[in-house]
$ cat target01.tsv   # TSV, C-alpha atoms
chain	number	residue	atom	x	y	z
A	1330	MET	CA	0.00	0.00	0.00
A	1331	SER	CA	1.32	3.42	-0.92
A	1332	ARG	CA	2.07	5.70	2.01
A	1333	GLU	CA	0.87	8.73	0.06
A	1334	PRO	CA	-2.76	8.42	-1.01
A	1335	PHE	CA	-3.13	12.00	0.30
A	1336	THR	CA	-1.10	15.04	-0.71
A	1337	ARG	CA	-1.62	17.96	1.64
A	1338	LEU	CA	-2.52	21.27	0.03
A	1339	SER	CA	-2.88	23.42	3.14
A	1340	ARG	CA	-3.06	23.32	6.93
A	1341	GLU	CA	-5.09	25.74	9.02
A	1342	VAL	CA	-5.33	25.97	12.81
A	1343	LEU	CA	-9.01	26.70	13.44
A	1344	VAL	CA	-8.85	26.80	17.26
A	1345	ASP	CA	-5.77	26.99	19.47
A	1346	ASN	CA	-6.38	26.42	23.19
A	1347	ALA	CA	-4.37	25.43	26.24
A	1348	TRP	CA	-4.76	21.69	25.55
A	1349	HIS	CA	-4.65	21.12	21.80
A	1350	ARG	CA	-5.14	22.66	18.38
A	1351	TYR	CA	-8.14	21.92	16.17
A	1352	CYS	CA	-7.00	21.92	12.57
A	1353	LEU	CA	-8.22	21.63	9.00
A	1354	ASP	CA	-6.03	20.12	6.30
A	1355	ARG	CA	-7.04	20.32	2.66
A	1356	TYR	CA	-5.60	17.57	0.51
A	1357	VAL	CA	-5.79	15.91	-2.88
A	1358	HIS	CA	-6.21	12.16	-3.35
A	1359	ALA	CA	-4.10	10.07	-5.69
A	1360	ASP	CA	-7.12	10.08	-8.04
A	1361	GLY	CA	-7.11	13.89	-8.18
A	1362	SER	CA	-10.16	14.48	-5.99
A	1363	GLU	CA	-9.85	17.02	-3.19
A	1364	GLY	CA	-10.92	16.61	0.41
A	1365	ALA	CA	-10.88	18.17	3.87
A	1366	TYR	CA	-9.65	16.63	7.12
A	1367	TYR	CA	-10.66	18.10	10.49
A	1368	TYR	CA	-8.63	16.85	13.46
A	1369	VAL	CA	-7.16	17.43	16.89
A	1370	ASP	CA	-3.43	18.17	16.92
A	1371	MET	CA	-1.80	16.98	20.16
A	1372	ALA	CA	1.87	16.89	21.08
A	1373	GLY	CA	1.26	13.46	22.62
A	1374	SER	CA	0.49	12.00	26.01
A	1375	CYS	CA	1.79	9.54	28.57
A	1376	THR	CA	0.21	6.84	30.70
A	1377	VAL	CA	1.96	5.36	33.73
A	1378	ILE	CA	1.37	1.92	35.26
A	1379	PRO	CA	2.68	2.01	38.84
A	1380	TRP	CA	3.95	-1.32	40.15
A	1381	PHE	CA	4.57	-2.03	43.85
A	1382	PRO	CA	6.71	-4.92	45.13
A	1383	ASP	CA	3.62	-6.58	46.63
A	1384	GLY	CA	2.00	-6.96	43.20
A	1385	THR	CA	-0.36	-4.02	43.54
A	1386	THR	CA	-0.83	-1.08	41.23
A	1387	MET	CA	-2.48	2.32	41.64
A	1388	LEU	CA	-5.52	3.40	39.69
A	1389	VAL	CA	-6.93	6.90	39.75
A	1390	ARG	CA	-10.63	7.59	39.58
A	1391	VAL	CA	-11.37	10.67	37.51
A	1392	GLN	CA	-14.52	12.66	36.85
A	1393	ARG	CA	-14.88	12.63	33.07
A	1394	TYR	CA	-16.99	15.61	32.13
A	1395	LEU	CA	-17.56	14.51	28.53
A	1396	LEU	CA	-18.81	11.06	29.55
A	1397	ASP	CA	-20.83	12.22	32.55
A	1398	CYS	CA	-19.25	9.56	34.77
A	1399	ASP	CA	-16.21	8.67	36.86
A	1400	LEU	CA	-13.65	6.34	35.32
A	1401	PHE	CA	-10.95	4.14	36.81
A	1402	GLU	CA	-7.77	4.87	34.86
A	1403	PHE	CA	-4.01	4.66	35.02
A	1404	PRO	CA	-2.47	8.11	35.62
A	1405	THR	CA	-2.39	9.91	32.27
A	1406	GLY	CA	-1.39	13.34	31.08
A	1407	GLY	CA	-1.16	15.32	27.88
A	1408	LEU	CA	2.07	16.78	26.56
A	1409	GLN	CA	2.65	20.32	25.40
A	1410	PRO	CA	4.93	20.97	22.42
A	1411	GLY	CA	8.51	20.69	23.64
A	1412	ASP	CA	7.71	18.53	26.68
A	1413	GLU	CA	10.04	15.60	27.25
A	1414	VAL	CA	7.93	12.45	27.46
A	1415	LYS	CA	9.57	10.71	30.41
A	1416	ALA	CA	9.80	13.90	32.45
A	1417	MET	CA	6.08	14.47	31.84
A	1418	ALA	CA	5.30	10.90	32.90
A	1419	GLN	CA	7.20	11.54	36.14
A	1420	THR	CA	5.27	14.77	36.70
A	1421	GLU	CA	1.93	13.08	36.06
A	1422	LEU	CA	2.71	10.19	38.40
A	1423	ARG	CA	3.69	12.61	41.14
A	1424	GLU	CA	0.89	15.15	40.73
A	1425	GLU	CA	-1.98	12.82	39.87
A	1426	GLY	CA	-0.89	9.55	41.48
A	1427	GLY	CA	1.01	10.92	44.48
A	1428	LEU	CA	4.04	8.73	43.69
A	1429	VAL	CA	7.66	9.07	42.68
A	1430	ALA	CA	9.48	6.14	41.06
A	1431	SER	CA	13.16	5.17	40.85
A	1432	ARG	CA	12.79	2.71	37.94
A	1433	TRP	CA	11.14	3.58	34.63
A	1434	ASP	CA	10.60	1.26	31.66
A	1435	ALA	CA	9.08	2.33	28.35
A	1436	LEU	CA	6.40	-0.23	27.40
A	1437	GLY	CA	5.53	1.16	23.99
A	1438	ARG	CA	3.19	3.59	22.25
A	1439	PHE	CA	-0.38	3.56	21.05
A	1440	ALA	CA	-2.66	5.82	19.02
A	1441	PRO	CA	-5.83	6.40	21.08
A	1442	TYR	CA	-8.01	8.06	18.45
A	1443	LYS	CA	-6.54	7.31	15.05
A	1444	GLY	CA	-9.29	8.91	12.96
A	1445	VAL	CA	-9.59	12.29	14.67
A	1446	SER	CA	-6.36	12.95	16.61
A	1447	ASN	CA	-2.68	12.59	15.82
A	1448	GLU	CA	-1.96	11.93	19.52
A	1449	ILE	CA	0.52	9.19	20.37
A	1450	CYS	CA	0.40	7.97	23.97
A	1451	HIS	CA	3.66	6.70	25.52
A	1452	VAL	CA	3.23	4.03	28.19
A	1453	PHE	CA	5.60	3.56	31.11
A	1454	LEU	CA	5.98	1.07	33.92
A	1455	ALA	CA	7.04	2.81	37.14
A	1456	ARG	CA	8.74	0.87	39.95
A	1457	GLY	CA	10.66	1.71	43.09
A	1458	LEU	CA	7.71	3.78	44.29
A	1459	THR	CA	7.53	6.24	47.16
A	1460	ALA	CA	4.35	8.06	48.22
A	1461	VAL	CA	4.36	11.87	48.08
A	1462	PRO	CA	1.53	14.41	48.42
A	1463	GLN	CA	-0.84	14.36	45.45
A	1464	GLU	CA	-1.02	17.69	43.55
A	1465	PRO	CA	-3.97	17.51	41.17
A	1466	GLU	CA	-4.85	20.52	39.05
A	1467	PRO	CA	-7.74	22.56	40.46
A	1468	SER	CA	-10.06	21.30	37.71
A	1469	GLU	CA	-9.26	17.67	38.47
A	1470	LYS	CA	-11.17	15.65	41.03
A	1471	ILE	CA	-9.10	12.52	41.43
A	1472	THR	CA	-9.04	9.77	44.05
A	1473	LEU	CA	-6.37	7.07	44.43
A	1474	HIS	CA	-7.12	3.34	44.50
A	1475	ARG	CA	-4.32	0.87	45.24
A	1476	MET	CA	-5.15	-2.77	44.46
A	1477	PRO	CA	-3.70	-6.00	43.02
A	1478	LEU	CA	-3.04	-5.81	39.28
A	1479	ALA	CA	-5.64	-8.52	38.58
A	1480	GLU	CA	-8.27	-6.47	40.41
A	1481	ALA	CA	-7.26	-3.34	38.49
A	1482	ARG	CA	-7.55	-5.26	35.24
A	1483	ARG	CA	-11.05	-6.39	36.19
A	1484	ARG	CA	-12.19	-2.89	37.16
A	1485	LEU	CA	-10.78	-1.33	33.99
A	1486	VAL	CA	-12.55	-3.75	31.67
A	1487	GLU	CA	-15.80	-4.07	33.62
A	1488	GLN	CA	-16.63	-0.39	34.02
A	1489	GLU	CA	-19.20	1.05	31.63
A	1490	PRO	CA	-17.85	2.45	29.46
A	1491	ALA	CA	-14.41	0.86	29.64
A	1492	ASP	CA	-11.43	3.21	29.28
A	1493	ALA	CA	-9.73	2.21	26.04
A	1494	MET	CA	-6.47	4.00	26.84
A	1495	SER	CA	-5.99	2.09	30.10
A	1496	LEU	CA	-6.87	-1.21	28.38
A	1497	ALA	CA	-4.33	-0.47	25.65
A	1498	ALA	CA	-1.72	0.29	28.33
A	1499	LEU	CA	-2.42	-3.11	29.91
A	1500	ALA	CA	-1.97	-4.81	26.53
A	1501	LEU	CA	1.43	-3.13	26.17
A	1502	LEU	CA	2.34	-4.22	29.72
A	1503	ASP	CA	1.43	-7.82	28.83
A	1504	ARG	CA	3.52	-7.58	25.66
A	1505	TRP	CA	6.47	-6.27	27.63
A	1506	CYS	CA	6.12	-8.93	30.35
A	1507	ALA	CA	6.17	-11.65	27.66
A	1508	GLY	CA	9.33	-10.21	26.09
A	1509	PRO	CA	13.01	-10.17	27.01
A	1510	GLY	CA	12.90	-6.70	28.56
A	1511	ALA	CA	10.89	-7.72	31.60
A	1512	GLY	CA	13.56	-9.80	33.29
A	1513	GLN	CA	12.35	-10.97	36.69
A	1514	GLY	CA	11.12	-7.66	38.01
A	1515	VAL	CA	7.39	-8.00	37.46
A	1516	GLY	CA	5.49	-11.09	38.52
B	1223	MET	CA	-17.31	11.57	44.52
B	1224	SER	CA	-19.94	14.01	43.40
B	1225	ARG	CA	-21.09	13.61	39.82
B	1226	GLU	CA	-21.42	17.37	39.45
B	1227	PRO	CA	-18.13	19.16	39.99
B	1228	PHE	CA	-18.97	21.05	36.77
B	1229	THR	CA	-22.12	23.04	36.04
B	1230	ARG	CA	-22.45	23.91	32.38
B	1231	LEU	CA	-23.10	27.56	31.59
B	1232	SER	CA	-23.18	27.39	27.79
B	1233	ARG	CA	-22.50	25.14	24.81
B	1234	GLU	CA	-21.29	26.40	21.45
B	1235	VAL	CA	-20.65	24.41	18.27
B	1236	LEU	CA	-17.48	25.98	16.85
B	1237	VAL	CA	-17.15	23.74	13.78
B	1238	ASP	CA	-19.76	21.39	12.30
B	1239	ASN	CA	-18.50	19.03	9.59
B	1240	ALA	CA	-19.56	15.75	8.01
B	1241	TRP	CA	-17.86	13.65	10.71
B	1242	HIS	CA	-18.24	15.42	14.05
B	1243	ARG	CA	-18.83	18.70	15.80
B	1244	TYR	CA	-16.09	20.63	17.60
B	1245	CYS	CA	-17.62	22.32	20.64
B	1246	LEU	CA	-16.83	24.68	23.48
B	1247	ASP	CA	-18.63	24.38	26.79
B	1248	ARG	CA	-18.24	27.05	29.45
B	1249	TYR	CA	-18.80	25.82	33.00
B	1250	VAL	CA	-18.44	26.71	36.64
B	1251	HIS	CA	-16.69	24.48	39.17
B	1252	ALA	CA	-18.14	23.58	42.54
B	1253	ASP	CA	-15.69	26.15	44.01
B	1254	GLY	CA	-17.17	28.93	41.85
B	1255	SER	CA	-14.33	29.22	39.37
B	1256	GLU	CA	-15.18	29.23	35.68
B	1257	GLY	CA	-13.58	27.24	32.92
B	1258	ALA	CA	-13.76	26.27	29.26
B	1259	TYR	CA	-13.88	22.79	27.74
B	1260	TYR	CA	-13.06	22.24	24.06
B	1261	TYR	CA	-14.05	18.83	22.70
B	1262	VAL	CA	-15.18	16.65	19.82
B	1263	ASP	CA	-18.87	15.74	19.87
B	1264	MET	CA	-19.47	12.36	18.21
B	1265	ALA	CA	-22.68	10.32	18.00
B	1266	GLY	CA	-20.60	7.22	18.73
B	1267	SER	CA	-18.89	4.48	16.78
B	1268	CYS	CA	-18.81	0.73	16.38
B	1269	THR	CA	-16.04	-1.86	16.05
B	1270	VAL	CA	-16.67	-5.37	14.74
B	1271	ILE	CA	-14.61	-8.49	15.48
B	1272	PRO	CA	-15.36	-11.03	12.75
B	1273	TRP	CA	-15.08	-14.66	13.83
B	1274	PHE	CA	-14.90	-17.59	11.38
B	1275	PRO	CA	-15.57	-21.22	12.35
B	1276	ASP	CA	-11.90	-22.10	11.74
B	1277	GLY	CA	-10.72	-19.73	14.48
B	1278	THR	CA	-9.64	-16.93	12.16
B	1279	THR	CA	-10.67	-13.29	12.20
B	1280	MET	CA	-10.41	-10.49	9.64
B	1281	LEU	CA	-8.29	-7.41	10.16
B	1282	VAL	CA	-8.33	-4.41	7.87
B	1283	ARG	CA	-5.24	-2.41	7.10
B	1284	VAL	CA	-6.02	1.28	6.84
B	1285	GLN	CA	-3.98	4.27	5.76
B	1286	ARG	CA	-4.14	6.64	8.73
B	1287	TYR	CA	-3.47	10.12	7.45
B	1288	LEU	CA	-3.01	11.67	10.90
B	1289	LEU	CA	-0.43	9.10	11.97
B	1290	ASP	CA	1.38	8.92	8.61
B	1291	CYS	CA	1.25	5.14	8.63
B	1292	ASP	CA	-0.92	2.10	7.87
B	1293	LEU	CA	-2.56	0.37	10.84
B	1294	PHE	CA	-3.99	-3.10	11.31
B	1295	GLU	CA	-7.44	-2.66	12.84
B	1296	PHE	CA	-10.78	-4.33	13.34
B	1297	PRO	CA	-13.43	-2.84	11.03
B	1298	THR	CA	-14.63	0.40	12.64
B	1299	GLY	CA	-17.00	3.18	11.71
B	1300	GLY	CA	-18.39	6.39	13.11
B	1301	LEU	CA	-22.09	6.96	13.73
B	1302	GLN	CA	-24.12	9.94	12.64
B	1303	PRO	CA	-26.85	11.29	14.93
B	1304	GLY	CA	-29.85	8.98	14.60
B	1305	ASP	CA	-27.90	5.96	13.34
B	1306	GLU	CA	-28.83	2.64	14.94
B	1307	VAL	CA	-25.66	1.09	16.34
B	1308	LYS	CA	-26.09	-2.51	15.24
B	1309	ALA	CA	-27.27	-1.52	11.76
B	1310	MET	CA	-24.18	0.66	11.42
B	1311	ALA	CA	-21.95	-2.21	12.58
B	1312	GLN	CA	-23.50	-4.39	9.87
B	1313	THR	CA	-22.90	-1.70	7.27
B	1314	GLU	CA	-19.29	-1.24	8.34
B	1315	LEU	CA	-18.58	-4.96	8.28
B	1316	ARG	CA	-20.04	-5.23	4.80
B	1317	GLU	CA	-18.51	-2.12	3.26
B	1318	GLU	CA	-15.11	-2.17	4.94
B	1319	GLY	CA	-14.64	-5.86	5.73
B	1320	GLY	CA	-16.52	-7.38	2.79
B	1321	LEU	CA	-18.54	-9.63	5.10
B	1322	VAL	CA	-22.13	-10.18	6.19
B	1323	ALA	CA	-22.88	-12.02	9.44
B	1324	SER	CA	-25.90	-13.99	10.66
B	1325	ARG	CA	-24.99	-13.88	14.39
B	1326	TRP	CA	-24.26	-10.69	16.30
B	1327	ASP	CA	-23.26	-10.37	19.95
B	1328	ALA	CA	-22.72	-7.07	21.76
B	1329	LEU	CA	-19.41	-7.30	23.66
B	1330	GLY	CA	-19.59	-3.96	25.46
B	1331	ARG	CA	-18.63	-0.32	25.11
B	1332	PHE	CA	-15.52	1.74	25.60
B	1333	ALA	CA	-14.57	5.42	25.57
B	1334	PRO	CA	-11.63	5.82	23.16
B	1335	TYR	CA	-10.61	9.39	23.99
B	1336	LYS	CA	-12.11	10.31	27.32
B	1337	GLY	CA	-10.49	13.72	27.68
B	1338	VAL	CA	-11.29	15.25	24.29
B	1339	SER	CA	-14.24	13.32	22.79
B	1340	ASN	CA	-17.57	12.12	24.11
B	1341	GLU	CA	-17.48	9.19	21.66
B	1342	ILE	CA	-18.59	5.80	22.93
B	1343	CYS	CA	-17.53	2.84	20.77
B	1344	HIS	CA	-19.82	-0.21	20.72
B	1345	VAL	CA	-18.05	-3.53	20.11
B	1346	PHE	CA	-19.66	-6.50	18.38
B	1347	LEU	CA	-18.69	-10.08	17.66
B	1348	ALA	CA	-19.89	-11.13	14.21
B	1349	ARG	CA	-20.33	-14.82	13.34
B	1350	GLY	CA	-21.99	-16.82	10.59
B	1351	LEU	CA	-19.93	-14.92	8.03
B	1352	THR	CA	-20.33	-14.79	4.26
B	1353	ALA	CA	-17.98	-12.91	1.94
B	1354	VAL	CA	-19.46	-10.12	-0.19
B	1355	PRO	CA	-17.80	-7.44	-2.34
B	1356	GLN	CA	-15.98	-4.83	-0.26
B	1357	GLU	CA	-17.35	-1.28	-0.73
B	1358	PRO	CA	-14.90	1.14	0.87
B	1359	GLU	CA	-15.53	4.86	0.67
B	1360	PRO	CA	-13.51	6.62	-2.03
B	1361	SER	CA	-11.27	8.22	0.60
B	1362	GLU	CA	-10.49	4.87	2.25
B	1363	LYS	CA	-7.64	2.67	1.13
B	1364	ILE	CA	-8.29	-0.58	2.92
B	1365	THR	CA	-6.95	-4.10	2.47
B	1366	LEU	CA	-8.30	-7.28	4.11
B	1367	HIS	CA	-6.18	-9.69	6.15
B	1368	ARG	CA	-7.68	-12.95	7.41
B	1369	MET	CA	-5.63	-14.74	10.05
B	1370	PRO	CA	-5.90	-16.75	13.29
B	1371	LEU	CA	-7.07	-14.66	16.25
B	1372	ALA	CA	-3.75	-15.18	18.06
B	1373	GLU	CA	-1.88	-13.78	15.05
B	1374	ALA	CA	-4.26	-10.83	14.86
B	1375	ARG	CA	-3.70	-10.14	18.55
B	1376	ARG	CA	0.06	-10.18	17.99
B	1377	ARG	CA	-0.11	-7.82	15.01
B	1378	LEU	CA	-2.41	-5.39	16.79
B	1379	VAL	CA	-0.18	-5.06	19.84
B	1380	GLU	CA	3.18	-5.19	18.05
B	1381	GLN	CA	2.58	-2.51	15.44
B	1382	GLU	CA	4.04	0.93	16.15
B	1383	PRO	CA	1.99	2.68	17.23
B	1384	ALA	CA	-0.53	0.13	18.49
B	1385	ASP	CA	-4.20	0.87	17.79
B	1386	ALA	CA	-5.79	1.41	21.18
B	1387	MET	CA	-9.35	0.97	19.92
B	1388	SER	CA	-8.63	-2.50	18.52
B	1389	LEU	CA	-6.79	-3.50	21.71
B	1390	ALA	CA	-9.75	-2.34	23.78
B	1391	ALA	CA	-12.07	-4.37	21.55
B	1392	LEU	CA	-9.92	-7.46	22.20
B	1393	ALA	CA	-10.12	-6.84	25.96
B	1394	LEU	CA	-13.92	-6.74	25.71
B	1395	LEU	CA	-13.87	-9.95	23.64
B	1396	ASP	CA	-11.78	-11.63	26.34
B	1397	ARG	CA	-14.21	-10.40	29.00
B	1398	TRP	CA	-17.15	-11.78	27.06
B	1399	CYS	CA	-15.43	-15.12	26.42
B	1400	ALA	CA	-14.81	-15.49	30.16
B	1401	GLY	CA	-18.44	-14.74	30.98
B	1402	PRO	CA	-21.69	-16.69	30.70
B	1403	GLY	CA	-22.71	-15.10	27.39
B	1404	ALA	CA	-20.06	-16.83	25.32
B	1405	GLY	CA	-21.48	-20.34	25.58
B	1406	GLN	CA	-19.47	-22.69	23.41
B	1407	GLY	CA	-19.47	-20.66	20.23
B	1408	VAL	CA	-15.99	-19.14	20.37
B	1409	GLY	CA	-12.92	-21.22	21.04
$ encode --input "target01.tsv" --output "structure tokens"
Amino acid sequence: MSREPFTRLSREVLVDNAWHRYCLDRYVHADGSEGAYYYVDMAGSCTVIPWFPDGTTMLVRVQRYLLDCDLFEFPTGGLQPGDEVKAMAQTELREEGGLVASRWDALGRFAPYKGVSNEICHVFLARGLTAVPQEPEPSEKITLHRMPLAEARRRLVEQEPADAMSLAALALLDRWCAGPGAGQGVG
Amino acid sequence: MSREPFTRLSREVLVDNAWHRYCLDRYVHADGSEGAYYYVDMAGSCTVIPWFPDGTTMLVRVQRYLLDCDLFEFPTGGLQPGDEVKAMAQTELREEGGLVASRWDALGRFAPYKGVSNEICHVFLARGLTAVPQEPEPSEKITLHRMPLAEARRRLVEQEPADAMSLAALALLDRWCAGPGAGQGVG
């Protein structure tokens, strides 16, 4: 399959806010027809799976305004242009999860919303954890829930609706655990 | 946790296009402070996991303009306001996957992009499959890839980036297979 069925003619930022840019690209297809693509432009994001020596993890429970419900999630944060991914993951884990970690492993990357956003989410496993005061943003109402990983897995997939980003992070954790990178650190 | 830390003051549709609406809500927090929420308003979507009697499934490979790559995915489509979810899943499976199915099971729902979109994706298992001509939209460049489910799982999680929506669909399939609804139909 060709990588270039689209040739971009123009790019316009329609709305620029503190979180993302909403853009319109005009393009021409390989067959000569023209089209328009509306999308969210994001510098990326990071999701952190905390892992304690006793086999527990930490979920956060977040009020999701757009879904009109609370969701169990792994700590997640959006990047701003220029942010360094791992540093942002450390900030998110500290501010949202109330944890600092001495060991960080990159588990991989996923696209959460392939059709409408160019966001790539980077997933990390955080070990060597120490509790610190949580520092959520004023707009965030977040509670912490420490539990065995199997219980976290059950809560993440059984909630309605499920949180696809946390489920994708678990799939990348499972991939990493099955590979050579995991060593003997995670049971 | 209260369900109402936000009280909406206004809602404005900033951009209305053929695929979604881009909106701005203004709201007041429980503490009296005001804020703005920019988001994508979507009527929802559906993802279909085809399942053949020989234990294979069908992935599609789609050019993803925003990610500048091709992704392996389960057939997926967006809903328009008023669309019936299962009918849309049937349409997507036929047009994108080149398949019609006689048995449909609802596997559950997930939120793909909780922070920026109100989209809920409905996941279906489709069985009793018959091949029909594929009818992709002119803007879609899609190829079909039939393979054992284990191979599909591997491709979905090993591609860079992974497709979070397909991984979430697999997690809902696994949940369903472990539950009472699965019966003996899926190995």
$ residues_around --input "target01.tsv" --residues "Arg1438 of chain A" --least-positions-apart "4" --cutoff "7 Å" --atoms "all atoms listed in the file" --output "ChimeraX atom specification"
/A:1449-1452 /B:1382-1384
$ closest_residue --input "target01.tsv" --among "B:Val1282, B:Ala1393, B:Leu1371, B:Leu1378" --to "Gln1356 of chain B" --atoms "all atoms listed in the file"
B:Val1282
$ atom_distance --input "target01.tsv" --atom1 "atom CA of Arg1377 of chain B" --atom2 "atom CA of Phe1294 of chain B"
7.1 Å
$ interface_residues --input "target01.tsv" --of "chain B" --to "chain A" --cutoff "7 Å" --atoms "all atoms listed in the file" --output "PDB file with C-alpha atoms, in the coordinates of the input"
ATOM      1  CA  ARG B1225     -21.090  13.610  39.820  1.00  0.00           C
ATOM      2  CA  ARG B1286      -4.140   6.640   8.730  1.00  0.00           C
ATOM      3  CA  LEU B1288      -3.010  11.670  10.900  1.00  0.00           C
ATOM      4  CA  LEU B1289      -0.430   9.100  11.970  1.00  0.00           C
ATOM      5  CA  CYS B1291       1.250   5.140   8.630  1.00  0.00           C
ATOM      6  CA  ARG B1331     -18.630  -0.320  25.110  1.00  0.00           C
ATOM      7  CA  PHE B1332     -15.520   1.740  25.600  1.00  0.00           C
ATOM      8  CA  ALA B1333     -14.570   5.420  25.570  1.00  0.00           C
ATOM      9  CA  PRO B1334     -11.630   5.820  23.160  1.00  0.00           C
ATOM     10  CA  TYR B1335     -10.610   9.390  23.990  1.00  0.00           C
ATOM     11  CA  LYS B1336     -12.110  10.310  27.320  1.00  0.00           C
ATOM     12  CA  SER B1339     -14.240  13.320  22.790  1.00  0.00           C
ATOM     13  CA  ASN B1340     -17.570  12.120  24.110  1.00  0.00           C
ATOM     14  CA  VAL B1379      -0.180  -5.060  19.840  1.00  0.00           C
ATOM     15  CA  GLU B1382       4.040   0.930  16.150  1.00  0.00           C
ATOM     16  CA  PRO B1383       1.990   2.680  17.230  1.00  0.00           C
ATOM     17  CA  ALA B1384      -0.530   0.130  18.490  1.00  0.00           C
ATOM     18  CA  ASP B1385      -4.200   0.870  17.790  1.00  0.00           C
ATOM     19  CA  ALA B1386      -5.790   1.410  21.180  1.00  0.00           C
ATOM     20  CA  MET B1387      -9.350   0.970  19.920  1.00  0.00           C
ATOM     21  CA  LEU B1389      -6.790  -3.500  21.710  1.00  0.00           C
ATOM     22  CA  ALA B1390      -9.750  -2.340  23.780  1.00  0.00           C
ATOM     23  CA  ALA B1393     -10.120  -6.840  25.960  1.00  0.00           C
ATOM     24  CA  LEU B1394     -13.920  -6.740  25.710  1.00  0.00           C
TER      25      LEU B1394
END
$ closest_residue --input "target01.tsv" --among "A:Pro1410, A:Gly1426, A:Gly1361, A:Gly1510" --to "Val1377 of chain A" --atoms "all atoms listed in the file"
A:Gly1426
$ atom_distance --input "target01.tsv" --atom1 "atom CA of Glu1425 of chain A" --atom2 "atom CA of Leu1408 of chain A"
14.5 Å
$ atom_distance --input "target01.tsv" --atom1 "atom CA of Gln1302 of chain B" --atom2 "atom CA of Glu1314 of chain B"
12.9 Å
$ residues_around --input "target01.tsv" --residues "Trp1505 of chain A" --least-positions-apart "6" --cutoff "10 Å" --atoms "all atoms listed in the file" --output "PyMOL selection string"
chain A and resi 1434-1437+1454+1499+1511-1512
$ residues_around --input "target01.tsv" --residues "segment 1315-1317 of chain B" --least-positions-apart "5" --cutoff "12 Å" --atoms "all atoms listed in the file" --output "ChimeraX atom specification"
/B:1268-1273,1280-1282,1296-1299,1308-1310,1322-1324,1326,1345-1349,1351-1360,1362,1364-1366
$ residues_around --input "target01.tsv" --residues "Leu1338 of chain A" --least-positions-apart "5" --cutoff "9 Å" --atoms "all atoms listed in the file" --output "list in words"
Asp1354, Arg1355, Tyr1356 and Val1357 of chain A
